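This is coords.cif. It holds mmCIF, N, CA and C atoms and all ligand atoms.
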data_entry
loop_
_atom_site.label_atom_id
_atom_site.label_comp_id
_atom_site.auth_asym_id
_atom_site.auth_seq_id
_atom_site.Cartn_x
_atom_site.Cartn_y
_atom_site.Cartn_z
N MET K 1 -13.62 50.07 62.27
CA MET K 1 -12.25 50.35 62.71
C MET K 1 -11.28 49.46 61.94
N ALA K 2 -10.23 50.04 61.41
CA ALA K 2 -9.23 49.24 60.68
C ALA K 2 -8.47 48.35 61.67
N SER K 3 -7.94 47.26 61.16
CA SER K 3 -7.22 46.34 62.04
C SER K 3 -5.76 46.20 61.61
N VAL K 4 -4.91 45.99 62.59
CA VAL K 4 -3.48 45.82 62.36
C VAL K 4 -3.02 44.51 62.99
N LEU K 5 -2.32 43.71 62.21
CA LEU K 5 -1.68 42.51 62.75
C LEU K 5 -0.27 42.91 63.16
N LEU K 6 -0.01 42.83 64.45
CA LEU K 6 1.29 43.22 65.01
C LEU K 6 2.13 41.96 65.22
N VAL K 7 3.21 41.84 64.48
CA VAL K 7 4.10 40.69 64.62
C VAL K 7 5.35 41.16 65.33
N GLU K 8 5.55 40.71 66.56
CA GLU K 8 6.69 41.16 67.39
C GLU K 8 6.92 40.10 68.44
N ASP K 9 8.15 39.62 68.53
CA ASP K 9 8.43 38.54 69.49
C ASP K 9 8.73 39.03 70.89
N HIS K 10 9.21 40.24 71.01
CA HIS K 10 9.61 40.74 72.33
C HIS K 10 8.35 41.18 73.10
N PRO K 11 8.03 40.52 74.23
CA PRO K 11 6.76 40.79 74.91
C PRO K 11 6.56 42.26 75.32
N LEU K 12 7.62 42.89 75.83
CA LEU K 12 7.47 44.28 76.27
C LEU K 12 7.27 45.21 75.06
N ASN K 13 8.08 45.01 74.02
CA ASN K 13 7.92 45.82 72.81
C ASN K 13 6.52 45.64 72.23
N ARG K 14 6.05 44.39 72.28
CA ARG K 14 4.73 44.11 71.71
C ARG K 14 3.63 44.82 72.51
N ARG K 15 3.79 44.79 73.82
CA ARG K 15 2.78 45.43 74.66
C ARG K 15 2.75 46.95 74.44
N LEU K 16 3.94 47.55 74.37
CA LEU K 16 4.01 49.01 74.16
C LEU K 16 3.40 49.38 72.82
N MET K 17 3.76 48.62 71.78
CA MET K 17 3.26 48.91 70.44
C MET K 17 1.76 48.66 70.37
N ARG K 18 1.32 47.57 71.02
CA ARG K 18 -0.12 47.26 71.01
C ARG K 18 -0.92 48.40 71.66
N ASP K 19 -0.42 48.89 72.79
CA ASP K 19 -1.13 49.96 73.49
C ASP K 19 -1.23 51.22 72.63
N LEU K 20 -0.17 51.50 71.89
CA LEU K 20 -0.20 52.66 70.99
C LEU K 20 -1.18 52.43 69.84
N LEU K 21 -1.06 51.28 69.20
CA LEU K 21 -1.93 50.97 68.05
C LEU K 21 -3.40 50.95 68.45
N ALA K 22 -3.66 50.49 69.68
CA ALA K 22 -5.05 50.34 70.15
C ALA K 22 -5.78 51.68 70.27
N LEU K 23 -5.02 52.78 70.26
CA LEU K 23 -5.67 54.10 70.28
C LEU K 23 -6.48 54.31 69.01
N ARG K 24 -6.10 53.60 67.95
CA ARG K 24 -6.78 53.85 66.69
C ARG K 24 -7.24 52.60 65.94
N PHE K 25 -6.62 51.47 66.24
CA PHE K 25 -6.90 50.26 65.46
C PHE K 25 -7.33 49.10 66.34
N GLU K 26 -7.98 48.15 65.67
CA GLU K 26 -8.18 46.86 66.32
C GLU K 26 -6.84 46.14 66.15
N VAL K 27 -6.30 45.58 67.21
CA VAL K 27 -4.97 44.99 67.15
C VAL K 27 -5.04 43.48 67.30
N ILE K 28 -4.39 42.77 66.39
CA ILE K 28 -4.26 41.32 66.47
C ILE K 28 -2.77 41.09 66.68
N GLU K 29 -2.42 40.22 67.62
CA GLU K 29 -1.00 40.05 67.93
C GLU K 29 -0.47 38.68 67.54
N ALA K 30 0.78 38.65 67.09
CA ALA K 30 1.46 37.39 66.82
C ALA K 30 2.89 37.52 67.31
N GLY K 31 3.40 36.50 67.99
CA GLY K 31 4.75 36.53 68.54
C GLY K 31 5.80 35.93 67.62
N THR K 32 5.35 35.24 66.58
CA THR K 32 6.28 34.64 65.62
C THR K 32 5.71 34.78 64.21
N ALA K 33 6.57 34.58 63.22
CA ALA K 33 6.14 34.60 61.82
C ALA K 33 5.16 33.46 61.56
N GLU K 34 5.44 32.31 62.14
CA GLU K 34 4.58 31.14 61.95
C GLU K 34 3.18 31.43 62.48
N ASP K 35 3.14 32.06 63.64
CA ASP K 35 1.88 32.44 64.28
C ASP K 35 1.13 33.45 63.39
N ALA K 36 1.87 34.38 62.79
CA ALA K 36 1.26 35.38 61.91
C ALA K 36 0.63 34.70 60.69
N LEU K 37 1.36 33.77 60.09
CA LEU K 37 0.84 33.07 58.90
C LEU K 37 -0.41 32.26 59.26
N ALA K 38 -0.39 31.65 60.44
CA ALA K 38 -1.56 30.88 60.89
C ALA K 38 -2.75 31.82 61.09
N THR K 39 -2.51 32.98 61.69
CA THR K 39 -3.56 33.97 61.91
C THR K 39 -4.17 34.43 60.59
N LEU K 40 -3.32 34.59 59.57
CA LEU K 40 -3.79 35.08 58.27
C LEU K 40 -4.65 34.06 57.53
N ARG K 41 -4.67 32.83 58.01
CA ARG K 41 -5.55 31.84 57.37
C ARG K 41 -7.01 32.18 57.62
N ASP K 42 -7.30 32.82 58.76
CA ASP K 42 -8.72 33.16 58.96
C ASP K 42 -8.99 34.60 59.34
N CYS K 43 -8.03 35.48 59.15
CA CYS K 43 -8.36 36.89 59.32
C CYS K 43 -7.56 37.75 58.35
N ARG K 44 -8.17 38.84 57.93
CA ARG K 44 -7.56 39.75 56.96
C ARG K 44 -7.40 41.13 57.58
N PRO K 45 -6.26 41.40 58.19
CA PRO K 45 -6.06 42.73 58.77
C PRO K 45 -5.90 43.75 57.63
N ASP K 46 -6.01 45.03 57.97
CA ASP K 46 -5.81 46.08 56.97
C ASP K 46 -4.34 46.41 56.78
N LEU K 47 -3.53 46.05 57.78
CA LEU K 47 -2.10 46.35 57.73
C LEU K 47 -1.37 45.35 58.60
N ILE K 48 -0.15 45.02 58.20
CA ILE K 48 0.69 44.14 59.03
C ILE K 48 1.94 44.90 59.41
N LEU K 49 2.22 44.97 60.70
CA LEU K 49 3.49 45.54 61.18
C LEU K 49 4.39 44.36 61.48
N MET K 50 5.46 44.23 60.73
CA MET K 50 6.28 43.03 60.76
C MET K 50 7.65 43.27 61.35
N ASP K 51 7.88 42.72 62.53
CA ASP K 51 9.23 42.72 63.09
C ASP K 51 10.10 41.87 62.16
N ILE K 52 11.34 42.26 61.97
CA ILE K 52 12.21 41.50 61.07
C ILE K 52 12.98 40.41 61.81
N GLN K 53 13.52 40.74 62.98
CA GLN K 53 14.25 39.73 63.76
C GLN K 53 13.25 38.96 64.60
N LEU K 54 13.03 37.72 64.22
CA LEU K 54 12.07 36.86 64.92
C LEU K 54 12.71 35.49 65.13
N PRO K 55 12.30 34.79 66.18
CA PRO K 55 12.81 33.42 66.34
C PRO K 55 12.18 32.56 65.25
N GLY K 56 12.85 31.57 64.75
CA GLY K 56 12.28 30.77 63.65
C GLY K 56 12.33 31.57 62.37
N MET K 57 11.21 31.56 61.65
CA MET K 57 11.16 32.29 60.38
C MET K 57 11.32 33.79 60.62
N ASP K 58 12.16 34.47 59.82
CA ASP K 58 12.35 35.91 60.00
C ASP K 58 11.25 36.69 59.25
N GLY K 59 11.19 37.98 59.54
CA GLY K 59 10.13 38.80 58.98
C GLY K 59 10.20 38.99 57.47
N VAL K 60 11.41 38.96 56.92
CA VAL K 60 11.56 39.11 55.46
C VAL K 60 10.97 37.87 54.76
N THR K 61 11.31 36.70 55.28
CA THR K 61 10.79 35.46 54.71
C THR K 61 9.27 35.41 54.85
N CYS K 62 8.80 35.81 56.01
CA CYS K 62 7.35 35.82 56.26
C CYS K 62 6.65 36.76 55.27
N THR K 63 7.24 37.92 55.03
CA THR K 63 6.65 38.88 54.08
C THR K 63 6.61 38.28 52.68
N ARG K 64 7.69 37.59 52.30
CA ARG K 64 7.71 36.94 50.98
C ARG K 64 6.57 35.93 50.86
N ARG K 65 6.34 35.18 51.93
CA ARG K 65 5.25 34.18 51.91
C ARG K 65 3.90 34.88 51.74
N ILE K 66 3.73 35.97 52.49
CA ILE K 66 2.46 36.71 52.43
C ILE K 66 2.24 37.24 51.01
N LYS K 67 3.30 37.76 50.41
CA LYS K 67 3.20 38.34 49.07
C LYS K 67 3.06 37.27 47.99
N ALA K 68 3.51 36.06 48.29
CA ALA K 68 3.43 34.97 47.29
C ALA K 68 2.05 34.32 47.27
N ALA K 69 1.28 34.49 48.33
CA ALA K 69 -0.04 33.86 48.39
C ALA K 69 -1.09 34.84 47.85
N PRO K 70 -1.82 34.46 46.80
CA PRO K 70 -2.77 35.39 46.17
C PRO K 70 -3.78 36.00 47.16
N GLU K 71 -4.19 35.22 48.16
CA GLU K 71 -5.22 35.73 49.08
C GLU K 71 -4.68 36.76 50.06
N THR K 72 -3.36 36.85 50.22
CA THR K 72 -2.80 37.84 51.14
C THR K 72 -1.85 38.83 50.45
N ALA K 73 -1.63 38.64 49.15
CA ALA K 73 -0.64 39.44 48.43
C ALA K 73 -0.90 40.95 48.50
N ASP K 74 -2.18 41.33 48.60
CA ASP K 74 -2.53 42.75 48.60
C ASP K 74 -2.39 43.43 49.96
N LEU K 75 -2.17 42.64 51.01
CA LEU K 75 -2.09 43.25 52.35
C LEU K 75 -0.81 44.05 52.48
N PRO K 76 -0.93 45.31 52.90
CA PRO K 76 0.30 46.09 53.09
C PRO K 76 1.08 45.61 54.32
N VAL K 77 2.37 45.40 54.13
CA VAL K 77 3.25 44.97 55.22
C VAL K 77 4.29 46.08 55.44
N VAL K 78 4.41 46.52 56.68
CA VAL K 78 5.42 47.51 57.02
C VAL K 78 6.44 46.85 57.94
N ALA K 79 7.69 46.84 57.53
CA ALA K 79 8.75 46.23 58.33
C ALA K 79 9.13 47.16 59.48
N VAL K 80 9.36 46.57 60.65
CA VAL K 80 9.81 47.33 61.81
C VAL K 80 11.04 46.63 62.34
N SER K 81 12.15 47.33 62.38
CA SER K 81 13.38 46.66 62.79
C SER K 81 14.37 47.61 63.43
N ALA K 82 15.14 47.07 64.36
CA ALA K 82 16.21 47.86 64.97
C ALA K 82 17.39 47.97 64.00
N HIS K 83 17.43 47.06 63.03
CA HIS K 83 18.51 47.08 62.04
C HIS K 83 18.05 47.78 60.79
N ALA K 84 18.68 48.88 60.48
CA ALA K 84 18.25 49.62 59.29
C ALA K 84 19.44 50.03 58.45
N LEU K 85 20.33 49.09 58.22
CA LEU K 85 21.42 49.34 57.27
C LEU K 85 20.83 49.26 55.87
N PRO K 86 21.46 49.94 54.92
CA PRO K 86 20.88 49.95 53.56
C PRO K 86 20.53 48.57 53.03
N HIS K 87 21.38 47.56 53.28
CA HIS K 87 21.05 46.24 52.72
C HIS K 87 19.89 45.58 53.45
N ASP K 88 19.69 45.92 54.74
CA ASP K 88 18.52 45.41 55.47
C ASP K 88 17.24 46.01 54.88
N ILE K 89 17.29 47.31 54.64
CA ILE K 89 16.14 48.01 54.10
C ILE K 89 15.81 47.47 52.71
N GLU K 90 16.86 47.29 51.91
CA GLU K 90 16.69 46.76 50.56
C GLU K 90 16.04 45.37 50.59
N ALA K 91 16.48 44.53 51.54
CA ALA K 91 15.92 43.18 51.64
C ALA K 91 14.44 43.25 51.99
N GLY K 92 14.09 44.15 52.91
CA GLY K 92 12.68 44.29 53.30
C GLY K 92 11.82 44.80 52.16
N LEU K 93 12.31 45.81 51.47
CA LEU K 93 11.53 46.40 50.38
C LEU K 93 11.41 45.42 49.21
N SER K 94 12.48 44.68 48.94
CA SER K 94 12.40 43.75 47.81
C SER K 94 11.51 42.55 48.15
N ALA K 95 11.32 42.27 49.43
CA ALA K 95 10.37 41.21 49.82
C ALA K 95 8.93 41.67 49.63
N GLY K 96 8.74 42.98 49.44
CA GLY K 96 7.38 43.49 49.21
C GLY K 96 6.86 44.39 50.31
N CYS K 97 7.73 44.75 51.28
CA CYS K 97 7.28 45.66 52.33
C CYS K 97 7.00 47.04 51.75
N GLU K 98 5.93 47.62 52.26
CA GLU K 98 5.50 48.96 51.88
C GLU K 98 6.53 50.01 52.30
N ASP K 99 7.08 49.78 53.47
CA ASP K 99 8.04 50.72 54.04
C ASP K 99 8.86 49.96 55.09
N TYR K 100 9.89 50.61 55.58
CA TYR K 100 10.80 49.99 56.54
C TYR K 100 11.01 51.01 57.65
N ILE K 101 10.50 50.70 58.82
CA ILE K 101 10.55 51.65 59.94
C ILE K 101 11.58 51.16 60.96
N THR K 102 12.38 52.09 61.46
CA THR K 102 13.37 51.74 62.47
C THR K 102 12.76 51.86 63.86
N LYS K 103 13.02 50.86 64.70
CA LYS K 103 12.58 50.97 66.09
C LYS K 103 13.78 51.19 66.99
N PRO K 104 13.62 51.79 68.16
CA PRO K 104 12.35 52.29 68.67
C PRO K 104 11.81 53.46 67.83
N ILE K 105 10.48 53.57 67.83
CA ILE K 105 9.83 54.64 67.09
C ILE K 105 10.08 55.94 67.84
N THR K 106 10.69 56.89 67.16
CA THR K 106 11.00 58.16 67.84
C THR K 106 10.05 59.27 67.40
N GLU K 107 9.32 58.98 66.35
CA GLU K 107 8.37 59.94 65.80
C GLU K 107 7.22 60.17 66.80
N ASP K 108 6.58 61.33 66.72
CA ASP K 108 5.41 61.61 67.54
C ASP K 108 4.39 60.48 67.34
N PRO K 109 3.86 59.92 68.44
CA PRO K 109 2.98 58.75 68.32
C PRO K 109 1.78 58.98 67.39
N PHE K 110 1.22 60.18 67.42
CA PHE K 110 0.04 60.43 66.58
C PHE K 110 0.43 60.58 65.11
N CYS K 111 1.62 61.10 64.86
CA CYS K 111 2.11 61.15 63.48
C CYS K 111 2.34 59.74 62.97
N PHE K 112 2.85 58.89 63.86
CA PHE K 112 3.08 57.49 63.49
C PHE K 112 1.75 56.81 63.13
N LEU K 113 0.73 57.02 63.95
CA LEU K 113 -0.59 56.42 63.66
C LEU K 113 -1.16 56.97 62.35
N ASP K 114 -0.96 58.27 62.12
CA ASP K 114 -1.41 58.87 60.86
C ASP K 114 -0.70 58.21 59.67
N ARG K 115 0.57 57.92 59.87
CA ARG K 115 1.35 57.31 58.82
C ARG K 115 0.79 55.93 58.49
N LEU K 116 0.43 55.18 59.55
CA LEU K 116 -0.15 53.85 59.32
C LEU K 116 -1.48 53.97 58.58
N ASP K 117 -2.28 54.97 58.95
CA ASP K 117 -3.53 55.21 58.22
C ASP K 117 -3.25 55.48 56.74
N GLY K 118 -2.18 56.19 56.49
CA GLY K 118 -1.78 56.51 55.12
C GLY K 118 -1.45 55.25 54.32
N TYR K 119 -0.74 54.30 54.94
CA TYR K 119 -0.41 53.05 54.24
C TYR K 119 -1.70 52.29 53.90
N ILE K 120 -2.63 52.30 54.86
CA ILE K 120 -3.90 51.58 54.64
C ILE K 120 -4.69 52.24 53.51
N ALA K 121 -4.74 53.56 53.52
CA ALA K 121 -5.48 54.29 52.47
C ALA K 121 -4.84 54.04 51.10
N ARG K 122 -3.53 54.03 51.05
CA ARG K 122 -2.84 53.80 49.78
C ARG K 122 -3.12 52.40 49.25
N ALA K 123 -3.07 51.41 50.16
CA ALA K 123 -3.33 50.03 49.73
C ALA K 123 -4.77 49.90 49.23
N ARG K 124 -5.70 50.56 49.90
CA ARG K 124 -7.10 50.49 49.47
C ARG K 124 -7.29 51.13 48.11
N ALA K 125 -6.62 52.26 47.90
CA ALA K 125 -6.74 52.97 46.61
C ALA K 125 -6.16 52.10 45.49
N ARG K 126 -5.05 51.43 45.80
CA ARG K 126 -4.38 50.59 44.82
C ARG K 126 -5.22 49.40 44.42
N HIS K 127 -5.95 48.86 45.40
CA HIS K 127 -6.69 47.63 45.13
C HIS K 127 -8.19 47.89 45.01
N GLY K 128 -8.52 49.14 44.71
CA GLY K 128 -9.92 49.46 44.43
C GLY K 128 -10.86 49.31 45.61
N GLY K 129 -10.43 49.80 46.76
CA GLY K 129 -11.30 49.79 47.94
C GLY K 129 -11.09 48.54 48.74
MN MN T 201 12.27 40.77 67.29
#

Represent the structure contained in this file as structure tokens.
Ligand code: MN
Amino acid sequence: MASVLLVEDHPLNRRLMRDLLALRFEVIEAGTAEDALATLRDCRPDLILMDIQLPGMDGVTCTRRIKAAPETADLPVVAVSAHALPHDIEAGLSAGCEDYITKPITEDPFCFLDRLDGYIARARARHGG
């Protein structure tokens, strides 16, 4: 089963997203960017769902750190944010995010899960399995 590191500070949002992700993935949770970076020291998820507005380090900075470290640079990161103005999206994509998703997720939940599978498959194809 593929695994997803869910980075989200809001407890209710995290629980709702975790319950959805758990239908298809093993879910690892982090409430802060710092917590996510600590988790990545000893686990390699197949995908990271990164909230952008976080207390302390924000999701864009966290993504830059992940992309700057050779051991985590290949991990696909998908930004999830309530703010999706063009410059927010640009900041996320230029930090190395695979995509930028606006929350709340309004898409059909199973289409959303399929989309996450697609990001994982693309990253695997790019990095040779
Ligand atoms: Mn947040």

Item to check | Site check for ligand MN 201 (chain T): residues at most 6.5 Å away, only N, CA and C atoms and all ligand atoms, as a ChimeraX atom specification | outcome: /K:8-10,51-55

Residues just named, written with N, CA and C atoms as a PDB file, keeping the file's coordinate frame:
ATOM      1  N   GLU K   8       5.550  40.710  66.560  1.00  0.00           N
ATOM      2  CA  GLU K   8       6.690  41.160  67.390  1.00  0.00           C
ATOM      3  C   GLU K   8       6.920  40.100  68.440  1.00  0.00           C
ATOM      4  N   ASP K   9       8.150  39.620  68.530  1.00  0.00           N
ATOM      5  CA  ASP K   9       8.430  38.540  69.490  1.00  0.00           C
ATOM      6  C   ASP K   9       8.730  39.030  70.890  1.00  0.00           C
ATOM      7  N   HIS K  10       9.210  40.240  71.010  1.00  0.00           N
ATOM      8  CA  HIS K  10       9.610  40.740  72.330  1.00  0.00           C
ATOM      9  C   HIS K  10       8.350  41.180  73.100  1.00  0.00           C
ATOM     10  N   ASP K  51       7.880  42.720  62.530  1.00  0.00           N
ATOM     11  CA  ASP K  51       9.230  42.720  63.090  1.00  0.00           C
ATOM     12  C   ASP K  51      10.100  41.870  62.160  1.00  0.00           C
ATOM     13  N   ILE K  52      11.340  42.260  61.970  1.00  0.00           N
ATOM     14  CA  ILE K  52      12.210  41.500  61.070  1.00  0.00           C
ATOM     15  C   ILE K  52      12.980  40.410  61.810  1.00  0.00           C
ATOM     16  N   GLN K  53      13.520  40.740  62.980  1.00  0.00           N
ATOM     17  CA  GLN K  53      14.250  39.730  63.760  1.00  0.00           C
ATOM     18  C   GLN K  53      13.250  38.960  64.600  1.00  0.00           C
ATOM     19  N   LEU K  54      13.030  37.720  64.220  1.00  0.00           N
ATOM     20  CA  LEU K  54      12.070  36.860  64.920  1.00  0.00           C
ATOM     21  C   LEU K  54      12.710  35.490  65.130  1.00  0.00           C
ATOM     22  N   PRO K  55      12.300  34.790  66.180  1.00  0.00           N
ATOM     23  CA  PRO K  55      12.810  33.420  66.340  1.00  0.00           C
ATOM     24  C   PRO K  55      12.180  32.560  65.250  1.00  0.00           C
TER      25      PRO K  55
END

Sorted by chain and rising residue number, which residues of range 40-128 of chain K lie within 8 Å of range 23-32 of chain K, and what are their closest atom pairs and distances in Å to one decimal, counting only N, CA and C atoms, as JSON lines?
{"residue": "K:Pro45", "atom": "CA", "partner": "K:Ile28", "partner_atom": "N", "distance": 7.8}
{"residue": "K:Leu54", "atom": "CA", "partner": "K:Thr32", "partner_atom": "CA", "distance": 6.2}
{"residue": "K:Pro55", "atom": "N", "partner": "K:Thr32", "partner_atom": "CA", "distance": 6.0}
{"residue": "K:Gly56", "atom": "N", "partner": "K:Thr32", "partner_atom": "CA", "distance": 7.3}
{"residue": "K:Met57", "atom": "C", "partner": "K:Thr32", "partner_atom": "C", "distance": 6.7}
{"residue": "K:Asp58", "atom": "C", "partner": "K:Thr32", "partner_atom": "C", "distance": 7.7}
{"residue": "K:Gly59", "atom": "N", "partner": "K:Thr32", "partner_atom": "C", "distance": 7.9}
{"residue": "K:Leu113", "atom": "CA", "partner": "K:Arg24", "partner_atom": "CA", "distance": 7.4}

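Nearest to Leu47 in chain K of all the residues K:Leu6, K:Thr72, K:Thr61, K:Asp114 is K:Leu6, counting all atoms listed in the file.
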
Next on the checklist: Env of range 87-93 of chain K: 6 Å cut, atoms = all atoms listed in the file, seq-sep filter 4 positions within chain, self excluded. Answer as a PyMOL selection string.
Outcome noted: chain K and resi 60+83+97

Checklist entry - So which residues touch range 117-127 of chain K within 8 Å, counting only C-alpha atoms, skipping near sequence neighbours fewer than 5 positions away, as a list in words? => result Asp46, Leu47, Asp74, Leu75, Pro76 and Glu98 of chain K

Next on the checklist: Let me make sure I understand: among K:Arg14, K:Val4, K:Arg64, K:Glu107, which one has the smallest atom-to-atom distance to Thr39 in chain K if we use only C-alpha atoms?
Outcome noted: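 Looking only at the distances to Thr39 in chain K, the closest residue turns out to be K:Val4.
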
Next on the checklist: Going by DSSP on the backbone, which residues of range 19-110 of chain K come out as helix (DSSP H, G or I)? List them as a ChimeraX atom specification.
Outcome noted: /K:19-21,33-39,59-68,86-94,109-110

Item to check | Atom-to-atom span, atom C of Leu5 in chain K and CA of Ile48 in chain K, Å | outcome: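 For atom C of Leu5 in chain K relative to CA of Ile48 in chain K, the distance reads 4.4 Å.
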
Checklist entry - Expressed in Å to a single decimal, how great is the separation between atom N of Phe112 in chain K and atom N of Leu20 in chain K? => result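 According to the coordinates, atom N of Phe112 in chain K and atom N of Leu20 in chain K are separated by 11.3 Å.
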